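Content type CSV, C-alpha atoms, from the file start29.csv:
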chain,number,residue,atom,x,y,z
A,1,MET,CA,44.8,13.6,28.1
A,2,THR,CA,42.6,11.5,25.9
A,3,THR,CA,38.9,11.8,25.8
A,4,THR,CA,36.9,9.2,24.1
A,5,ILE,CA,34.1,10.6,22.1
A,6,PRO,CA,31.1,8.3,22.0
A,7,ALA,CA,29.4,7.6,18.7
A,8,PRO,CA,27.0,10.5,18.2
A,9,ARG,CA,24.2,8.2,17.0
A,10,SER,CA,23.3,4.6,16.4
A,11,PRO,CA,24.0,3.6,12.8
A,12,TYR,CA,21.0,3.7,10.5
A,13,ALA,CA,19.5,0.4,9.6
A,14,ARG,CA,16.3,-0.4,7.7
A,15,ARG,CA,14.2,-3.1,9.0
A,16,LYS,CA,13.7,-6.3,7.1
A,17,THR,CA,11.9,-5.5,3.8
A,18,SER,CA,8.6,-7.2,2.9
A,19,ARG,CA,8.6,-8.4,-0.6
A,20,SER,CA,4.8,-8.8,-0.9
A,21,ASN,CA,2.2,-6.9,-2.8
A,22,PHE,CA,0.1,-6.4,0.4
A,23,GLU,CA,0.5,-2.6,0.5
A,24,LEU,CA,-0.2,-2.4,-3.2
A,25,TYR,CA,-3.5,-4.3,-2.9
A,26,GLY,CA,-4.4,-2.3,0.2
A,27,TRP,CA,-3.9,0.9,-1.8
A,28,ILE,CA,-6.0,-0.3,-4.7
A,29,PHE,CA,-8.7,-1.6,-2.4
A,30,MET,CA,-9.0,1.8,-0.7
A,31,ARG,CA,-9.7,3.4,-4.1
A,32,ALA,CA,-12.1,0.7,-5.4
A,33,SER,CA,-14.1,0.3,-2.2
A,34,GLY,CA,-14.3,4.1,-1.8
A,35,VAL,CA,-16.1,4.4,-5.2
A,36,LEU,CA,-18.3,1.5,-4.5
A,37,LEU,CA,-19.2,2.8,-1.0
A,38,VAL,CA,-20.3,6.1,-2.5
A,39,VAL,CA,-22.9,4.2,-4.6
A,40,LEU,CA,-23.9,1.9,-1.8
A,41,ILE,CA,-24.3,4.5,0.9
A,42,PHE,CA,-26.2,7.0,-1.2
A,43,GLY,CA,-28.4,4.2,-2.5
A,44,HIS,CA,-29.0,3.2,1.1
A,45,LEU,CA,-29.8,6.8,2.2
A,46,PHE,CA,-32.1,7.4,-0.7
A,47,MET,CA,-34.1,4.2,-0.1
A,48,ASN,CA,-34.4,4.8,3.6
A,49,LEU,CA,-34.9,8.6,3.7
A,50,VAL,CA,-36.3,9.8,0.4
A,51,SER,CA,-38.2,7.3,-1.6
A,52,GLY,CA,-41.7,6.2,-0.7
A,53,GLU,CA,-43.0,7.9,2.4
A,54,GLY,CA,-39.6,9.2,3.2
A,55,ILE,CA,-38.1,9.4,6.7
A,56,SER,CA,-41.4,8.8,8.5
A,57,ALA,CA,-41.6,5.3,7.1
A,58,ILE,CA,-38.6,4.1,9.1
A,59,ASP,CA,-39.5,1.8,12.0
A,60,PHE,CA,-38.9,-1.7,13.1
A,61,ALA,CA,-41.2,-3.1,10.5
A,62,PHE,CA,-39.4,-1.2,7.7
A,63,VAL,CA,-36.0,-2.7,8.6
A,64,GLY,CA,-37.6,-6.1,9.1
A,65,GLY,CA,-39.2,-5.8,5.7
A,66,LYS,CA,-36.0,-4.8,4.0
A,67,TRP,CA,-34.1,-7.7,5.4
A,68,ALA,CA,-36.7,-10.1,4.2
A,69,SER,CA,-35.4,-9.4,0.7
A,70,PRO,CA,-32.2,-11.0,-0.5
A,71,LEU,CA,-31.3,-7.8,-2.5
A,72,TRP,CA,-31.2,-5.7,0.7
A,73,GLN,CA,-29.5,-8.4,2.6
A,74,MET,CA,-26.7,-8.5,0.1
A,75,TRP,CA,-26.6,-4.6,-0.2
A,76,ASP,CA,-26.3,-4.2,3.6
A,77,LEU,CA,-23.8,-7.1,3.8
A,78,LEU,CA,-21.6,-5.5,1.1
A,79,MET,CA,-21.9,-2.1,2.8
A,80,LEU,CA,-20.9,-3.5,6.2
A,81,TRP,CA,-17.9,-5.4,4.9
A,82,LEU,CA,-16.6,-2.7,2.6
A,83,ALA,CA,-17.1,0.1,5.1
A,84,MET,CA,-15.5,-1.8,7.9
A,85,THR,CA,-12.5,-2.9,5.8
A,86,HIS,CA,-12.1,0.5,4.3
A,87,GLY,CA,-12.3,2.2,7.7
A,88,THR,CA,-9.9,-0.4,9.3
A,89,ILE,CA,-7.3,0.0,6.6
A,90,GLY,CA,-7.6,3.8,6.9
A,91,VAL,CA,-7.2,3.7,10.7
A,92,ARG,CA,-4.3,1.3,10.3
A,93,THR,CA,-2.6,3.8,8.0
A,94,ILE,CA,-3.1,6.6,10.6
A,95,ILE,CA,-1.7,4.3,13.3
A,96,ASN,CA,1.3,3.5,11.1
A,97,ASP,CA,1.8,7.2,10.5
A,98,TYR,CA,1.5,8.5,14.1
A,99,ALA,CA,2.3,5.7,16.6
A,100,GLU,CA,6.1,5.8,16.7
A,101,ARG,CA,6.7,3.3,19.4
A,102,ASP,CA,6.5,-0.4,18.5
A,103,VAL,CA,4.4,-1.3,21.6
A,104,THR,CA,1.9,1.5,21.1
A,105,ARG,CA,1.5,0.6,17.5
A,106,GLY,CA,1.0,-3.1,18.3
A,107,VAL,CA,-1.5,-2.4,21.0
A,108,LEU,CA,-3.5,0.0,18.9
A,109,LYS,CA,-3.6,-2.4,15.9
A,110,VAL,CA,-4.7,-5.4,18.0
A,111,ALA,CA,-7.5,-3.2,19.4
A,112,LEU,CA,-8.4,-2.1,15.9
A,113,TYR,CA,-8.5,-5.6,14.4
A,114,THR,CA,-10.4,-7.0,17.4
A,115,ALA,CA,-13.1,-4.3,17.0
A,116,TYR,CA,-13.2,-5.0,13.2
A,117,THR,CA,-13.7,-8.7,13.7
A,118,ILE,CA,-16.4,-8.3,16.4
A,119,VAL,CA,-18.4,-5.8,14.3
A,120,VAL,CA,-18.1,-7.8,11.0
A,121,VAL,CA,-19.0,-11.1,12.6
A,122,LEU,CA,-21.9,-9.8,14.6
A,123,GLY,CA,-23.2,-7.7,11.7
A,124,THR,CA,-23.0,-10.6,9.3
A,125,LEU,CA,-24.8,-12.8,11.8
A,126,VAL,CA,-27.6,-10.3,12.3
A,127,ILE,CA,-28.2,-9.7,8.6
A,128,PHE,CA,-28.6,-13.4,7.9
A,129,THR,CA,-30.3,-14.7,11.0
A,130,PHE,CA,-32.6,-11.7,11.6
A,131,ASP,CA,-36.1,-12.8,12.4
A,132,PRO,CA,-38.6,-10.0,13.2
A,133,CYS,CA,-41.0,-12.5,14.8
A,134,PRO,CA,-39.2,-15.2,16.7
A,135,THR,CA,-41.5,-18.1,17.5
A,136,ASP,CA,-40.5,-18.7,21.1
A,137,ALA,CA,-40.6,-15.1,22.3
A,138,PRO,CA,-43.2,-13.9,24.7
A,139,ARG,CA,-46.2,-12.3,23.0
A,140,GLU,CA,-45.8,-8.8,24.6
A,141,LEU,CA,-42.3,-8.4,23.2
A,142,LEU,CA,-43.2,-9.0,19.6
A,143,ALA,CA,-44.0,-6.4,17.0
A,144,SER,CA,-47.6,-5.7,16.2
A,145,PHE,CA,-47.4,-7.1,12.7
A,146,CYS,CA,-46.3,-10.5,13.8
A,147,PRO,CA,-48.9,-13.3,13.4
A,148,ALA,CA,-50.5,-14.4,16.6
B,1,MET,CA,34.8,70.1,-13.8
B,2,THR,CA,32.1,70.6,-11.2
B,3,ALA,CA,29.5,69.4,-13.7
B,4,THR,CA,31.2,66.0,-14.2
B,5,THR,CA,31.5,65.3,-10.4
B,6,GLU,CA,27.9,66.2,-10.0
B,7,GLU,CA,27.0,63.8,-12.8
B,8,THR,CA,29.0,60.9,-11.4
B,9,ARG,CA,27.3,61.4,-8.0
B,10,THR,CA,23.8,61.2,-9.4
B,11,SER,CA,24.6,58.2,-11.5
B,12,GLU,CA,26.0,56.5,-8.4
B,13,LYS,CA,22.8,57.3,-6.5
B,14,ALA,CA,20.7,55.9,-9.3
B,15,GLY,CA,22.7,52.6,-9.5
B,16,ALA,CA,22.9,52.2,-5.7
B,17,ILE,CA,21.2,49.1,-4.3
B,18,PRO,CA,18.7,50.0,-1.6
B,19,THR,CA,19.2,48.5,1.9
B,20,PHE,CA,16.7,47.4,4.5
B,21,ASP,CA,16.8,46.3,8.1
B,22,ILE,CA,15.7,42.7,8.9
B,23,THR,CA,15.4,40.5,11.9
B,24,LEU,CA,16.8,37.0,11.3
B,25,ARG,CA,15.4,34.5,13.9
B,26,VAL,CA,17.7,31.5,13.8
B,27,ARG,CA,17.0,28.2,15.5
B,28,ARG,CA,20.1,27.2,17.3
B,29,TYR,CA,21.2,24.0,18.9
B,30,LEU,CA,24.4,24.1,20.9
B,31,PRO,CA,24.5,21.3,23.4
B,32,GLU,CA,27.8,22.6,24.9
B,33,SER,CA,26.3,26.1,25.6
B,34,THR,CA,24.3,27.1,28.7
B,35,HIS,CA,21.1,26.2,26.8
B,36,GLY,CA,22.1,22.5,26.9
B,37,GLU,CA,20.1,20.0,24.9
B,38,GLU,CA,17.3,22.5,24.3
B,39,SER,CA,17.3,24.3,21.0
B,40,TYR,CA,16.4,28.0,21.1
B,41,TRP,CA,15.6,31.0,19.0
B,42,GLU,CA,18.2,33.7,18.5
B,43,ASP,CA,17.4,37.1,16.9
B,44,HIS,CA,19.9,39.0,14.8
B,45,GLN,CA,19.3,42.6,13.5
B,46,LEU,CA,20.9,43.1,10.2
B,47,THR,CA,21.1,45.7,7.5
B,48,MET,CA,21.0,43.9,4.2
B,49,LEU,CA,20.9,44.9,0.6
B,50,ALA,CA,17.8,44.4,-1.4
B,51,THR,CA,19.6,41.9,-3.6
B,52,ASP,CA,20.8,39.7,-0.7
B,53,ARG,CA,19.7,36.1,0.0
B,54,VAL,CA,19.2,34.4,3.3
B,55,LEU,CA,22.6,32.8,2.8
B,56,ASP,CA,24.2,36.3,2.7
B,57,ALA,CA,22.4,37.1,6.0
B,58,LEU,CA,23.7,33.9,7.6
B,59,HIS,CA,27.2,34.7,6.3
B,60,LYS,CA,27.0,38.2,7.7
B,61,ILE,CA,26.2,36.7,11.1
B,62,LYS,CA,28.9,34.1,11.0
B,63,TRP,CA,31.6,36.4,9.6
B,64,GLU,CA,30.8,39.6,11.6
B,65,THR,CA,28.8,38.8,14.7
B,66,ASP,CA,28.8,35.2,15.8
B,67,GLY,CA,31.3,32.8,14.4
B,68,SER,CA,29.7,29.9,16.2
B,69,LEU,CA,26.7,29.8,14.0
B,70,THR,CA,26.9,26.6,12.0
B,71,PHE,CA,25.3,25.8,8.6
B,72,ARG,CA,26.2,23.9,5.5
B,73,ARG,CA,26.9,25.6,2.2
B,74,SER,CA,29.2,24.8,-0.6
B,75,CYS,CA,28.6,26.3,-4.1
B,76,ALA,CA,26.1,29.0,-2.8
B,77,HIS,CA,24.4,29.0,-6.2
B,78,GLY,CA,21.6,26.4,-5.9
B,79,ILE,CA,23.4,23.4,-7.4
B,80,CYS,CA,25.3,21.6,-4.6
B,81,GLY,CA,22.2,21.1,-2.5
B,82,SER,CA,23.9,21.7,0.8
B,83,ASP,CA,22.0,24.6,2.3
B,84,ALA,CA,18.4,23.4,2.4
B,85,MET,CA,16.7,24.8,5.5
B,86,ARG,CA,13.3,25.7,6.8
B,87,ILE,CA,12.9,29.4,6.1
B,88,ASN,CA,9.7,31.0,7.3
B,89,GLY,CA,8.2,27.5,7.8
B,90,ARG,CA,9.0,26.3,4.2
B,91,ASN,CA,11.9,24.2,3.0
B,92,ARG,CA,14.1,26.3,0.6
B,93,LEU,CA,17.7,26.7,-0.3
B,94,ALA,CA,19.2,29.6,1.6
B,95,CYS,CA,21.1,30.5,-1.5
B,96,LYS,CA,18.0,30.8,-3.6
B,97,ALA,CA,15.7,32.6,-1.2
B,98,LEU,CA,15.9,36.4,-1.6
B,99,LEU,CA,15.3,38.3,1.5
B,100,LYS,CA,13.0,40.8,-0.2
B,101,ASP,CA,10.7,37.9,-1.2
B,102,LEU,CA,10.3,36.8,2.5
B,103,ASN,CA,8.4,39.8,3.9
B,104,PRO,CA,11.4,41.6,5.5
B,105,GLY,CA,9.0,43.6,7.7
B,106,LYS,CA,8.6,40.6,10.0
B,107,PRO,CA,11.3,38.4,11.6
B,108,ILE,CA,12.5,35.8,9.1
B,109,THR,CA,12.8,32.4,10.8
B,110,VAL,CA,15.5,30.0,9.8
B,111,GLU,CA,15.4,26.4,11.2
B,112,PRO,CA,17.1,23.2,10.3
B,113,ILE,CA,15.1,20.8,8.0
B,114,LYS,CA,12.7,18.6,9.9
B,115,GLY,CA,12.8,14.9,10.4
B,116,LEU,CA,16.5,14.3,10.5
B,117,PRO,CA,18.6,14.5,13.7
B,118,VAL,CA,20.1,17.9,14.3
B,119,ILE,CA,23.9,17.9,14.9
B,120,LYS,CA,24.5,21.6,15.5
B,121,ASP,CA,22.4,24.7,14.7
B,122,LEU,CA,21.3,24.2,11.1
B,123,VAL,CA,23.4,21.1,10.4
B,124,VAL,CA,21.5,17.8,10.4
B,125,ASP,CA,22.6,14.3,10.0
B,126,MET,CA,21.9,13.4,6.4
B,127,GLU,CA,22.9,9.8,6.7
B,128,PRO,CA,19.3,8.3,6.9
B,129,PHE,CA,18.5,10.3,3.8
B,130,PHE,CA,21.5,9.0,1.9
B,131,ALA,CA,20.9,5.5,3.1
B,132,SER,CA,17.5,5.5,1.5
B,133,TYR,CA,19.0,6.9,-1.6
B,134,ARG,CA,21.6,4.2,-1.8
B,135,GLU,CA,18.9,1.5,-1.3
B,136,ILE,CA,17.2,2.3,-4.5
B,137,MET,CA,20.5,1.6,-6.3
B,138,PRO,CA,21.0,5.0,-8.1
B,139,PHE,CA,23.3,3.6,-10.8
B,140,LEU,CA,22.9,2.1,-14.2
B,141,ILE,CA,22.0,-1.6,-14.2
B,142,THR,CA,22.3,-3.4,-17.4
B,143,SER,CA,22.4,-7.0,-18.7
B,144,GLY,CA,24.0,-8.7,-21.6
B,145,ASN,CA,27.2,-7.7,-23.3
B,146,GLU,CA,28.6,-4.2,-23.2
B,147,PRO,CA,27.8,-2.4,-26.4
B,148,SER,CA,30.9,-1.4,-28.5
B,149,GLN,CA,29.6,2.2,-28.7
B,150,GLU,CA,27.5,4.5,-26.6
B,151,ARG,CA,24.1,3.3,-25.3
B,152,LEU,CA,21.8,5.2,-27.7
B,153,GLN,CA,18.6,6.8,-26.7
B,154,SER,CA,16.1,8.9,-28.6
B,155,ALA,CA,15.1,12.4,-27.5
B,156,GLU,CA,11.7,11.1,-26.5
B,157,GLN,CA,13.1,8.3,-24.4
B,158,ARG,CA,15.3,10.9,-22.7
B,159,GLU,CA,12.4,13.2,-22.2
B,160,ARG,CA,10.5,10.5,-20.3
B,161,PHE,CA,12.6,10.9,-17.1
B,162,ASP,CA,14.1,14.4,-17.8
B,163,ASP,CA,12.3,16.0,-14.8
B,164,THR,CA,13.8,13.7,-12.2
B,165,THR,CA,17.3,14.0,-13.5
B,166,LYS,CA,17.3,17.6,-12.0
B,167,CYS,CA,17.5,16.4,-8.4
B,168,ILE,CA,20.4,17.8,-6.4
B,169,LEU,CA,19.8,15.7,-3.2
B,170,CYS,CA,19.2,18.7,-1.0
B,171,ALA,CA,16.6,16.8,1.1
B,172,ALA,CA,14.1,19.7,0.9
B,173,CYS,CA,11.4,17.4,-0.3
B,174,THR,CA,12.0,14.4,2.0
B,175,THR,CA,12.1,16.7,5.1
B,176,SER,CA,9.0,18.5,4.1
B,177,CYS,CA,7.0,15.2,3.9
B,178,PRO,CA,4.6,14.7,6.9
B,179,VAL,CA,4.9,11.0,6.6
B,180,PHE,CA,8.7,11.2,6.8
B,181,TRP,CA,8.5,13.4,9.9
B,182,THR,CA,6.7,10.7,11.9
B,183,ASP,CA,8.2,7.6,10.2
B,184,GLY,CA,11.9,7.9,9.5
B,185,GLN,CA,11.8,4.5,7.9
B,186,TYR,CA,9.8,5.8,4.9
B,187,PHE,CA,12.0,6.0,1.8
B,188,GLY,CA,10.9,9.6,1.2
B,189,PRO,CA,10.3,11.6,-2.0
B,190,ALA,CA,14.0,12.1,-2.9
B,191,ALA,CA,14.8,8.4,-3.0
B,192,ILE,CA,11.6,7.7,-5.1
B,193,VAL,CA,12.5,10.6,-7.5
B,194,ASN,CA,15.9,9.1,-8.1
B,195,ALA,CA,14.5,5.6,-8.5
B,196,HIS,CA,12.1,7.1,-11.1
B,197,ARG,CA,15.1,8.5,-12.9
B,198,PHE,CA,16.4,5.0,-13.6
B,199,ILE,CA,13.1,3.1,-13.7
B,200,PHE,CA,12.0,5.1,-16.8
B,201,ASP,CA,15.4,5.2,-18.4
B,202,SER,CA,15.3,3.1,-21.6
B,203,ARG,CA,19.0,2.1,-21.1
B,204,ASP,CA,18.5,0.7,-17.7
B,205,ASP,CA,17.4,-2.9,-16.9
B,206,GLY,CA,17.0,-2.7,-13.1
B,207,ALA,CA,13.4,-1.4,-13.0
B,208,THR,CA,12.0,-4.6,-11.6
B,209,GLN,CA,14.5,-4.6,-8.7
B,210,ARG,CA,13.8,-1.0,-7.9
B,211,LEU,CA,10.1,-1.4,-8.1
B,212,GLU,CA,10.3,-4.3,-5.8
B,213,ILE,CA,12.3,-2.3,-3.3
B,214,LEU,CA,9.8,0.6,-3.4
B,215,ASN,CA,6.8,-1.8,-3.2
B,216,ASP,CA,7.9,-2.3,0.4
B,217,LYS,CA,5.8,-1.3,3.5
B,218,GLU,CA,7.9,1.8,3.7
B,219,GLY,CA,7.9,2.5,0.0
B,220,VAL,CA,5.7,4.5,-2.3
B,221,TRP,CA,2.4,3.3,-0.7
B,222,ARG,CA,3.1,5.4,2.3
B,223,CYS,CA,2.8,8.5,0.1
B,224,ARG,CA,-0.3,10.5,1.0
B,225,THR,CA,0.0,12.9,-1.9
B,226,ALA,CA,0.3,15.9,0.4
B,227,PHE,CA,2.2,17.7,-2.3
B,228,ASN,CA,4.6,19.2,0.3
B,229,CYS,CA,7.5,17.8,-1.7
B,230,THR,CA,6.5,19.3,-5.0
B,231,GLU,CA,6.2,22.7,-3.3
B,232,ALA,CA,9.5,22.4,-1.5
B,233,CYS,CA,11.6,21.3,-4.4
B,234,PRO,CA,14.1,24.1,-5.3
B,235,ARG,CA,14.6,22.6,-8.7
B,236,GLY,CA,10.9,22.6,-9.6
B,237,ILE,CA,10.7,18.8,-10.0
B,238,GLU,CA,7.1,17.6,-10.0
B,239,VAL,CA,7.9,15.2,-7.2
B,240,THR,CA,4.4,14.0,-6.4
B,241,LYS,CA,3.8,13.3,-10.0
B,242,ALA,CA,7.0,11.2,-10.2
B,243,ILE,CA,5.8,9.2,-7.2
B,244,GLN,CA,2.4,8.6,-8.8
B,245,GLU,CA,4.1,7.4,-12.0
B,246,VAL,CA,6.1,4.9,-9.9
B,247,LYS,CA,2.9,3.7,-8.3
B,248,ARG,CA,1.3,3.3,-11.7
B,249,ALA,CA,4.2,1.3,-12.9
B,250,MET,CA,3.8,-1.0,-10.0
B,251,ILE,CA,0.1,-1.5,-10.5
B,252,THR,CA,0.6,-2.3,-14.2
B,253,ARG,CA,3.4,-4.7,-13.2
B,254,ALA,CA,1.2,-6.5,-10.7
B,255,PHE,CA,-1.9,-7.0,-13.0

Could I get this structure in the form of structure tokens?
Amino acid sequence: MTTTIPAPRSPYARRKTSRSNFELYGWIFMRASGVLLVVLIFGHLFMNLVSGEGISAIDFAFVGGKWASPLWQMWDLLMLWLAMTHGTIGVRTIINDYAERDVTRGVLKVALYTAYTIVVVLGTLVIFTFDPCPTDAPRELLASFCPA
Amino acid sequence: MTATTEETRTSEKAGAIPTFDITLRVRRYLPESTHGEESYWEDHQLTMLATDRVLDALHKIKWETDGSLTFRRSCAHGICGSDAMRINGRNRLACKALLKDLNPGKPITVEPIKGLPVIKDLVVDMEPFFASYREIMPFLITSGNEPSQERLQSAEQRERFDDTTKCILCAACTTSCPVFWTDGQYFGPAAIVNAHRFIFDSRDDGATQRLEILNDKEGVWRCRTAFNCTEACPRGIEVTKAIQEVKRAMITRAF
């Protein structure tokens, strides 16, 4: 009587290794952008909520006024890009850690990168093309400070 | 005559080791039993000496109650690294964990280490662990001609990697790592510790190759500095610190 015992497990094999510095740069980016974001976000919060008239000053005109200045355009652009990239890399890490199946991981990452692209492209577009008083808009939709 | 007997008895009493009753709750996995593929908890009431270790309790079960209980052990003195297990939720060596330190009033849980496939009871398949270890090339790599005498090294040069030479490959660190639990492809702390041992050895010339291997997607950058490994190491190696030093070496190499 012979019983064939099947192999108790599939042999261990590491997947193809990537010989790039991508993970290294990602790791450094997370640290550097984190420090920069602390400055940018607290500067943003201070400008909007504390300085001048404080929180009561925030309205459409306030945002419109800020985006008329190249400094705040660049500030918000940097904040948008860094926050989105920092957050996306962070969520990518979580997906890599917890999504065990290849398909799940792939789907989640595609969704993540799509969301990233849409937000970054739309946000950038808005920061640079924002016009508080578009010329061809009907009068009743315009803000009160717009020239007639 | 009577006095001497009396005296011996009292000295015996004074030198006697106190005993206590414990409940050892062992996680068992016996596919051929009625429990099938499900692992289950099994309680054992034991009377143990105050000087006993978890390994002694396991021996008592195996030798006196249930011979089917399976676990690895070899030297039983904290050097061979065979009997790493999850005791009261923490990775320790069964031969180094004293029962009296584990709150014997409550049931003491003993489970196999996490993240590696369980073969039977407390025995896991260590092959993925050793495969990662082999991949970092844990041997001396040199170039040029063989020296005609020993490869000399100063005390300071030796001190640089002294901590990571203590590793006994018990897998307590790797199987305490939350990243390794969900991603078995991660090299794990033990492989990085053993790479560190050669990367910072002045006699070794293979640092670049090893750093390249660990620069991989599944290499050191997956480390989240959870410090579980440092806490788990029965040899007291500062594992997380070693991993950070390897990361730093990679960053200085890249820039």

Pick the closest to Leu211 of chain B from B:Cys229, B:Ile136, B:Ile141, B:Ile79: which is it, counting all atoms listed in the file?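 The answer is B:Ile136, which sits nearest to Leu211 of chain B.
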
Report the closest atom pair, with its distance in Å rounded to one decimal, for each residue of chain B that has an atom no farther than 10 Å from chain A; count only C-alpha atoms, sort by chain and then rising residue number, and write it as CSV.
residue,atom,partner,partner_atom,distance
B:Pro117,CA,A:Arg9,CA,9.1
B:Ile119,CA,A:Pro8,CA,8.7
B:Asp125,CA,A:Arg9,CA,9.4
B:Glu127,CA,A:Tyr12,CA,7.4
B:Pro128,CA,A:Tyr12,CA,6.1
B:Phe129,CA,A:Tyr12,CA,9.7
B:Ala131,CA,A:Tyr12,CA,7.6
B:Ser132,CA,A:Arg14,CA,8.6
B:Glu135,CA,A:Arg14,CA,9.6
B:Pro178,CA,A:Asp97,CA,8.8
B:Val179,CA,A:Asp97,CA,6.3
B:Phe180,CA,A:Asp97,CA,8.8
B:Trp181,CA,A:Asp97,CA,9.1
B:Thr182,CA,A:Tyr98,CA,6.1
B:Asp183,CA,A:Asp97,CA,6.4
B:Gly184,CA,A:Glu100,CA,9.5
B:Gln185,CA,A:Arg14,CA,6.7
B:Tyr186,CA,A:Arg14,CA,9.4
B:Phe187,CA,A:Arg14,CA,9.7
B:Glu212,CA,A:Arg19,CA,6.8
B:Ile213,CA,A:Arg19,CA,7.6
B:Leu214,CA,A:Arg19,CA,9.5
B:Asn215,CA,A:Asn21,CA,6.9
B:Asp216,CA,A:Ser18,CA,5.5
B:Lys217,CA,A:Glu23,CA,6.2
B:Glu218,CA,A:Thr17,CA,8.3
B:Gly219,CA,A:Glu23,CA,9.0
B:Val220,CA,A:Leu24,CA,9.1
B:Trp221,CA,A:Glu23,CA,6.3
B:Arg222,CA,A:Thr93,CA,8.2
B:Arg224,CA,A:Thr93,CA,10.0
B:Lys247,CA,A:Leu24,CA,8.5
B:Met250,CA,A:Leu24,CA,8.0
B:Ile251,CA,A:Leu24,CA,7.4
B:Ala254,CA,A:Asn21,CA,8.0

I'd like the interatomic distance between atom CA of Lys60 of chain B and atom CA of Leu46 of chain B, to a tenth of an Å.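 Separating atom CA of Lys60 of chain B from atom CA of Leu46 of chain B is a distance of 8.2 Å.
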
Who sits within 9 Å of Asp83 of chain B, all atoms listed in the file, same chain under 6 positions skipped, as a list in words: Leu55, Phe71, Arg72, Arg73, Ser74, Ala76, Arg92, Leu93, Ala94, Cys95, Leu122, Val123 and Cys170 of chain B

Only C-alpha atoms, please: the residues just picked out, written as a PDB file, in the coordinates of the input.
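Generated output (selection.pdb):
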ATOM      1  CA  LEU B  55      22.600  32.800   2.800  1.00  0.00           C
ATOM      2  CA  PHE B  71      25.300  25.800   8.600  1.00  0.00           C
ATOM      3  CA  ARG B  72      26.200  23.900   5.500  1.00  0.00           C
ATOM      4  CA  ARG B  73      26.900  25.600   2.200  1.00  0.00           C
ATOM      5  CA  SER B  74      29.200  24.800  -0.600  1.00  0.00           C
ATOM      6  CA  ALA B  76      26.100  29.000  -2.800  1.00  0.00           C
ATOM      7  CA  ARG B  92      14.100  26.300   0.600  1.00  0.00           C
ATOM      8  CA  LEU B  93      17.700  26.700  -0.300  1.00  0.00           C
ATOM      9  CA  ALA B  94      19.200  29.600   1.600  1.00  0.00           C
ATOM     10  CA  CYS B  95      21.100  30.500  -1.500  1.00  0.00           C
ATOM     11  CA  LEU B 122      21.300  24.200  11.100  1.00  0.00           C
ATOM     12  CA  VAL B 123      23.400  21.100  10.400  1.00  0.00           C
ATOM     13  CA  CYS B 170      19.200  18.700  -1.000  1.00  0.00           C
TER      14      CYS B 170
END

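One finds atom CA of Ile168 of chain B at 22.6 Å from atom CA of Asp52 of chain B.
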
Neighbours of Arg92 of chain A within 8 Å (all atoms listed in the file; same-chain residues fewer than 3 positions away dropped), as a PyMOL selection string? chain A and resi 88-89+95-96+109+112

Expressed in Å to a single decimal, how great is the separation between atom CA of Gln153 of chain B and atom CA of Ala195 of chain B? 18.7 Å

Write out as a ChimeraX atom specification each polymer residue whose atoms come within 7 Å of Arg86 of chain B, counting all atoms listed in the file; drop sequence neighbours fewer than 6 positions from it. /B:92,110-113

Kindly indicate which residue among A:Cys146, A:Leu141, A:Ala32, A:Val103 lies nearest to His86 of chain A, using all atoms listed in the file for the distances.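 When distances to His86 of chain A are compared using all atoms listed in the file, the smallest one comes from A:Ala32.
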
Near segment 160-164 of chain B, counting all atoms listed in the file, which residues have an atom at most 8 Å away, once you skip same-chain residues fewer than 2 positions from it, shown as a ChimeraX atom specification? /B:156-158,166-167,193-194,196-198,200-201,237-239,242

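The smallest atom-to-atom distance between Phe145 of chain A and any of A:Glu53, A:Asp59, A:Arg105, A:Phe42, using all atoms listed in the file, is found for A:Asp59.
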
Asp205 of chain B surroundings by all atoms listed in the file, 8 Å radius, close-in-sequence under 3 positions cut, as a JSON list (two decimals) with C-alpha atoms, in the coordinates of the input:
[["chain", "number", "residue", "atom", "x", "y", "z"],
["B", 140, "LEU", "CA", 22.90, 2.10, -14.20],
["B", 141, "ILE", "CA", 22.00, -1.60, -14.20],
["B", 142, "THR", "CA", 22.30, -3.40, -17.40],
["B", 143, "SER", "CA", 22.40, -7.00, -18.70],
["B", 202, "SER", "CA", 15.30, 3.10, -21.60],
["B", 208, "THR", "CA", 12.00, -4.60, -11.60]]

Given only C-alpha atoms as the counted atoms, nearest of A:Ala115, A:Ala137, A:Val63, A:Leu82 to Asn48 of chain A: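 Ranked by minimum distance to Asn48 of chain A, first place goes to A:Val63.
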
May I ask which of the residues A:Thr135, A:Ala143, A:Phe128, A:Thr85 is the closest one to Phe29 of chain A, counting all atoms listed in the file?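 Ranking A:Thr135, A:Ala143, A:Phe128, A:Thr85 by distance to Phe29 of chain A, first place goes to A:Thr85.
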
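Nearest to Lys106 of chain B of all the residues B:Gln149, B:Thr51, B:Thr23, B:Thr174 is B:Thr23, counting all atoms listed in the file.
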